[in-house]
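J.: The following block contains the structure, expressed as structure tokens.
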There are 4 protein chains.
Amino acid sequence: MYNLLKGKKGIIFGALNQHSIAWKTAQRAHEEGAEFVLTNAPAAMRMGELDVLAKKTGSQIIAADATSIDDLENLVEKSMEILGGKIDFVLHSIGMSVNVRKGKSYTDPNYDFTTKGWDVSAVSFHKLLNVLYKKEAMNPWGSIVALTYMAAQRSFPDYNDMADNKAYLESIARSFGYFFGRDHKVRVNTISQSPTPTTAGTGVKGFDGFITYSEKMSPLGNATALECADYTISMFSDLTKKVTLQNLFHDGGFSNMGVSDAVMERFE
Amino acid sequence: MYNLLKGKKGIIFGALNQHSIAWKTAQRAHEEGAEFVLTNAPAAMRMGELDVLAKKTGSQIIAADATSIDDLENLVEKSMEILGGKIDFVLHSIGMSVNVRKGKSYTDPNYDFTTKGWDVSAVSFHKLLNVLYKKEAMNPWGSIVALTYMAAQRSFPDYNDMADNKAYLESIARSFGYFFGRDHKVRVNTISQSPTPTTAGTGVKGFDGFITYSEKMSPLGNATALECADYTISMFSDLTKKVTLQNLFHDGGFSNMGVSDAVMERFE
Amino acid sequence: MYNLLKGKKGIIFGALNQHSIAWKTAQRAHEEGAEFVLTNAPAAMRMGELDVLAKKTGSQIIAADATSIDDLENLVEKSMEILGGKIDFVLHSIGMSVNVRKGKSYTDPNYDFTTKGWDVSAVSFHKLLNVLYKKEAMNPWGSIVALTYMAAQRSFPDYNDMADNKAYLESIARSFGYFFGRDHKVRVNTISQSPTPTTAGTGVKGFDGFITYSEKMSPLGNATALECADYTISMFSDLTKKVTLQNLFHDGGFSNMGVSDAVMERFE
Amino acid sequence: MYNLLKGKKGIIFGALNQHSIAWKTAQRAHEEGAEFVLTNAPAAMRMGELDVLAKKTGSQIIAADATSIDDLENLVEKSMEILGGKIDFVLHSIGMSVNVRKGKSYTDPNYDFTTKGWDVSAVSFHKLLNVLYKKEAMNPWGSIVALTYMAAQRSFPDYNDMADNKAYLESIARSFGYFFGRDHKVRVNTISQSPTPTTAGTGVKGFDGFITYSEKMSPLGNATALECADYTISMFSDLTKKVTLQNLFHDGGFSNMGVSDAVMERFE
């Protein structure tokens with residue numbers, strides 16, 4: 001629509017189906033003139049419809065387990081070959097709590113599940129940054145974004161160990177972002193999105209009630225997946241070159257609300 | 001360049017000369033297809049070169065003292081007439097400490113100066129929002145941005161009472177932003193910019209040393225006035241519709257640095 | 001009970017009646033072995049029962065309009081005379097919104113009321129610090145506390161312009177706290193307390209529903225006035241000598257909650 | 001000195017030698033009338049002088065690997081037997097980065113080391129809370145504190161993966177603190193301490209220069225280990241019953257400084 005990403009090359013993780021924020025971001029990046037590689041875990045790819053998206057956006061798919069340095073190295077190398085140069089933008093949209101899936105409570109998890117979820121949801125971002133940094137795969141003024149949720153800052157009872165994983169993820173953005181900025185002039189940020197009815201989101205217990213609560217608390221209402229894609233595009237564009245190490249709330253104002261009139265109605 | 005603001009109408013406060021962030025924002029908004037009215041205080045207009053900017057961008061100028069409700073009402077009404085409709089974006093770039101100008105220290109100010117500086121730098125934003133809200137002058141999904149500085153969160157000895165003024169300003173964005181979001185679907189945010197060698201900035205004591213410190217602390221270096229204009233454009237665009245009540249750091253990463261290697265060099 | 005403030009001398013602002021946090025703090029400070037002067041505005045003293053408190057705690061009362069430098073100078077000088085030396089602790093518990101009292105909405109205030117409320121609620125703290133600093137009235141490792149509310153960080157629709165006043169107040173604590181720490185080894189902090197059914201608190205619209213909401217959101221429930229007094233005592237004691245420039249939430253956990261199960265019940 | 005912890009029973013992790021914050025906290029808790037069990041990892045106990053501390057404070061020692069649920073269960077059960085009842089306070093002062101010890105950089109760690117450091121430094125806190133919660137081992141209004149560092153919020157290049165571990169640790173305090181508050185009326189907080197020349201602290205690269213920088217940035221100077229012990233005692237006492245889910249900066253003001261005059265001197 002605006003050619004905001006014309007000539008830019010990217011890698012997009014985590015598009016599962018048309019509800020995914022990553023899916024919408026890929027569509028929007030395509031509309032804005034970008035070329036990119038799509039990637040997901042082999043297991044996720046079997047469940048999803050990534051081929052459809054690849055066809056629509058003229059993209060190639062490279063399967064990668066984001067917890068495997070080998071897979072990430074292969075992904076980054078192949079992506080540079082396919083795209084014919086270094087990378088300008090990367091979206092990390094990966095998260096999964098085994099404890100949530102298996103119905104374990106936050107206060108009494110299976111710690112092997114905890115470790116697995118942390119590795120997939122948080123350490124994968126460090127490994128990705130590590131590979132991109134070591135291979136000098138990013139162009140100067142490139143932009144790397146990971147999706148997160150406000151449970152990293154505040155307590156949401158049903159968000160389980162994903163809260164802690166997201167806190168770790170956001171810390172990686174600050175810690176690694178320093179080195180990536182200093183050495184390669186690349187920015188690293190996280191976008192903290194409203195609860196979104198994606199396949200991942202809807203797995204969380206009590207999700208519908210929570211969506212309602214969040215909607216009523218937010219002066220502009222919850223942000224949709226497409227709106228998140230738009231915001232992510234702005235963070236990939238040249239308009240935001242000096243924004244780095246930030247956690248950016250994209251949530252209709254929820255994060256800075258103490259209480260809204262619409263929520264208070266239920267307490268009067 | 002991208003037609004990001006095509007068809008959008010705005011009001012831009014605070015362009016004094018070509019070093020001003022507001023000046024650069026006006027230039028960039030013009031390039032992006034917007035139409036807007038320029039405004040500044042009568043006194044500031046005598047010092048500045050607003051005519052030049054108006055000519056370059058095909059804009060009209062309306063003088064307004066931003067501490068006067070009457071002036072603001074006249075400004076908003078005339079702007080809608082000139083632009084032929086409601087407003088889509090507003091930039092508030094106004095700040096001035098009489099105590100700083102008169103060489104008063106933070107610990108022993110003249111409280112009349114304190115009040116005057118607070119009125120000009122902070123309450124003016126409330127009055128502006130008040131007039132826009134009451135007149136229903138903003139289009140749905142419009143965007144209002146005020147410029148601020150991180151002294152609102154942390155102590156910078158030479159920033160004097162502007163620190164407290166900016167804290168008040170940022171609070172207005174959250175407090176009024178709730179009502180503007182809920183009732184008119186308008187977003188209100190502040191952009192917290194790197195120290196910038198504008199006419200206002202360079203008046204602060206020890207500014208050169210501070211620019212150096214800030215540059216060395218920031219992994220991407222200080223953000224320039226033009227870069228701030230770019231970022232502001234992104235906040236006026238339709239890509240950021242659900243971002244509201246936020247204070248957005250545009251500072252090369254400074255705000256989330258504890259210390260950088262370049263700063264540590266001076267301590268080893 | 002513990003002799004935590006044995007031999008310490010203080011000034012306590014803002015005790016109106018037995019519901020006041022300042023009243024409870026005076027009682028607790030007395031129990032902990034402190035001597036202090038009580039002060040309030042002449043008008044507030046006519047409404048309240050400060051004599052009773054003075055008698056109970058063996059304290060003298062000095063009336064002072066906290067917006068008047070002259071009154072504050074008199075207060076500080078007389079206090080040092082009465083107490084026989086420099087001051088170790090000060091509590092600022094002063095706040096009042098004329099707009100709230102007069103039923104003006106946040107979006108359309110009377111700006112003279114806004115200025116008056118800001119002067120009383122926020123600038124009074126600056127003036128107090130100014131007088132204490134200039135007169136070198138504080139002992140090293142003294143402690144100054146002002147009470148505040150979380151509306152300074154997040155939007156609470158009914159808190160009106162007190163939100164902005166509290167943001168300004170908290171900024172003063174950081175800005176002035178730097179100079180007071182550097183030059184006199186004195187700490188300056190704010191305590192951000194749960195909504196409390198004091199005479200001031202209950203004036204806010206919809207206060208009862210809000211107390212319920214806050215109670216249900218907080219894992220430990222709302223903090224009472226007496227608990228706040230206890231916490232304030234800890235901040236006056238020698239146990240917290242290196243805590244400064246902080247805004248300390250004393251709220252049963254409210255500030256770091258996204259949502260609680262008890263609140264979610266109303267949305268399912 | 002004040003009998004602040006008279007009759008209270010606790011568990012203190014992580015006293016290695018007299019420089020340790022945990023060591024000082026044990027001494028101070030003893031002076032304040034508490035009884036407690038000391039614990040450390042078997043390996044740490046061989047390096048340290050825990051026997052000396054146990055003798056001085058009349059405490060028993062129970063070795064425990066804080067990453068082992070079995071060891072923690074044994075510790076908690078034995079502690080209740082020894083102390084003759086439920087626990088009132090717990091100090092978690094455990095942290096270790098294998099990557100730092102082995103000289104690995106943040107940008108290219110050994111991920112097995114990363115996992116081990118995360119397990120020891122962060123997950124150990126979750127396991128401890130889990131065991132205390134499941135066994136209902138805490139008295140109502142008990143207090144649990146973990147020590148942390150501001151690298152969880154901001155980038156400190158040499159702090160390596162401990163930054164991310166501390167972010168995870170602080171998130172656990174919020175996440176688990178909700179359940180512990182709601183169900184058992186127990187508070188859970190972290191104290192974010194100045195850089196401290198303990199055995200652990202001095203292992204970090206460039207530590208001396210960093211101590212100097214931090215000292216010059218902080219209006220009250222760095223907080224010592226003994227001062228941290230004092231502050232921790234206040235958090236264990238009944239004066240702070242409604243403080244929970246908080247990360248409390250104990251750092252002479254560092255965390256809210258933008259820049260100090262003493263730091264600026266090196267840039268002029």
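In the structure tokens, chains take the letters A, B, ... in the order shown, each chain's residues start at 1, and ligands count up from 1 in the order shown.
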Please determine the contact residues of chain D with respect to chain A at a cut-off of 6 Å, counting only C-alpha atoms, and supply them as a PyMOL selection string.
T.: chain D and resi 107+130+155+164+167-168+171+174-175
J.: Applying 8 Å and only C-alpha atoms, which residues near stretch 189-197 of chain A remain after dropping the ones on its own chain fewer than 3 positions away? List them as a PyMOL selection string.
T.: chain A and resi 19+143-150+170+173-174+177+200-202+211+214+222-225+228+232+243-252+254
J.: Please return, as a ChimeraX atom specification, all residues of stretch 78-177 of chain B that DSSP assigns to helix (DSSP H, G or I) on the basis of the backbone.
T.: /B:78-83,98-101,111-134,150-152,157-159,162-177
J.: Can you measure atom CA of D:Leu16 to atom CA of D:Asn40 for me? One decimal in Å is fine.
T.: 7.8 Å
J.: Quick check, in Å to one decimal: how far apart do atom CA of A:Asn17 and atom CA of A:Leu50 lie?
T.: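 That distance, rounded to one decimal, is 6.9 Å.
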J.: Once DSSP has gone over the backbone, tell me which residues of stretch 53-238 of chain C are in strand (DSSP E or B), as an NGL selection string.
T.: :C and (60-63 or 87-92 or 138-148 or 155 or 187-193)
J.: With C-alpha atoms retained, write the just-selected residues as a short mmCIF file (atom, residue, chain, number, x, y, z; two decimals), in the first residue's frame.
T.:
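Contents of the output file again35.cif:
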```cif
data_model
loop_
_atom_site.label_atom_id
_atom_site.label_comp_id
_atom_site.auth_asym_id
_atom_site.auth_seq_id
_atom_site.Cartn_x
_atom_site.Cartn_y
_atom_site.Cartn_z
CA GLN C 60 3.29 20.73 69.50
CA ILE C 61 1.31 22.08 66.59
CA ILE C 62 2.47 24.75 64.18
CA ALA C 63 -0.02 25.90 61.59
CA ILE C 87 15.13 17.05 61.59
CA ASP C 88 15.38 13.30 60.86
CA PHE C 89 12.10 12.63 59.12
CA VAL C 90 9.30 14.47 57.37
CA LEU C 91 5.95 13.21 56.11
CA HIS C 92 4.17 15.14 53.35
CA MET C 138 17.88 17.78 57.89
CA ASN C 139 20.33 15.51 59.67
CA PRO C 140 22.47 13.24 57.49
CA TRP C 141 20.62 10.04 56.62
CA GLY C 142 17.33 11.77 57.29
CA SER C 143 14.26 10.56 55.40
CA ILE C 144 11.54 12.50 53.61
CA VAL C 145 8.39 10.74 52.43
CA ALA C 146 5.43 12.01 50.43
CA LEU C 147 2.26 10.02 49.92
CA THR C 148 1.03 9.44 46.40
CA SER C 155 -5.37 6.08 34.09
CA ARG C 187 16.71 10.27 51.13
CA VAL C 188 13.49 11.34 49.40
CA ASN C 189 10.83 8.83 48.42
CA THR C 190 7.13 8.57 47.72
CA ILE C 191 4.82 5.85 48.99
CA SER C 192 2.05 4.88 46.61
CA GLN C 193 -0.72 3.65 48.83
#
```
J.: Which residue is closest to B:Leu128? Choose from B:Leu72, B:Ile233, B:Leu83, B:Ala34 and count only C-alpha atoms.
T.: B:Leu72
J.: Rounded to one decimal place, report the atom CA of B:Lys185-atom CA of A:Ser218 distance in Å.
T.: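 Distance reported for this atom pair: 11.0 Å.
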J.: Calculated over only C-alpha atoms, which of the candidates A:Ser20, A:Ser260, A:Ser105, A:Ser121 has the smallest distance to A:Glu215?
T.: A:Ser260
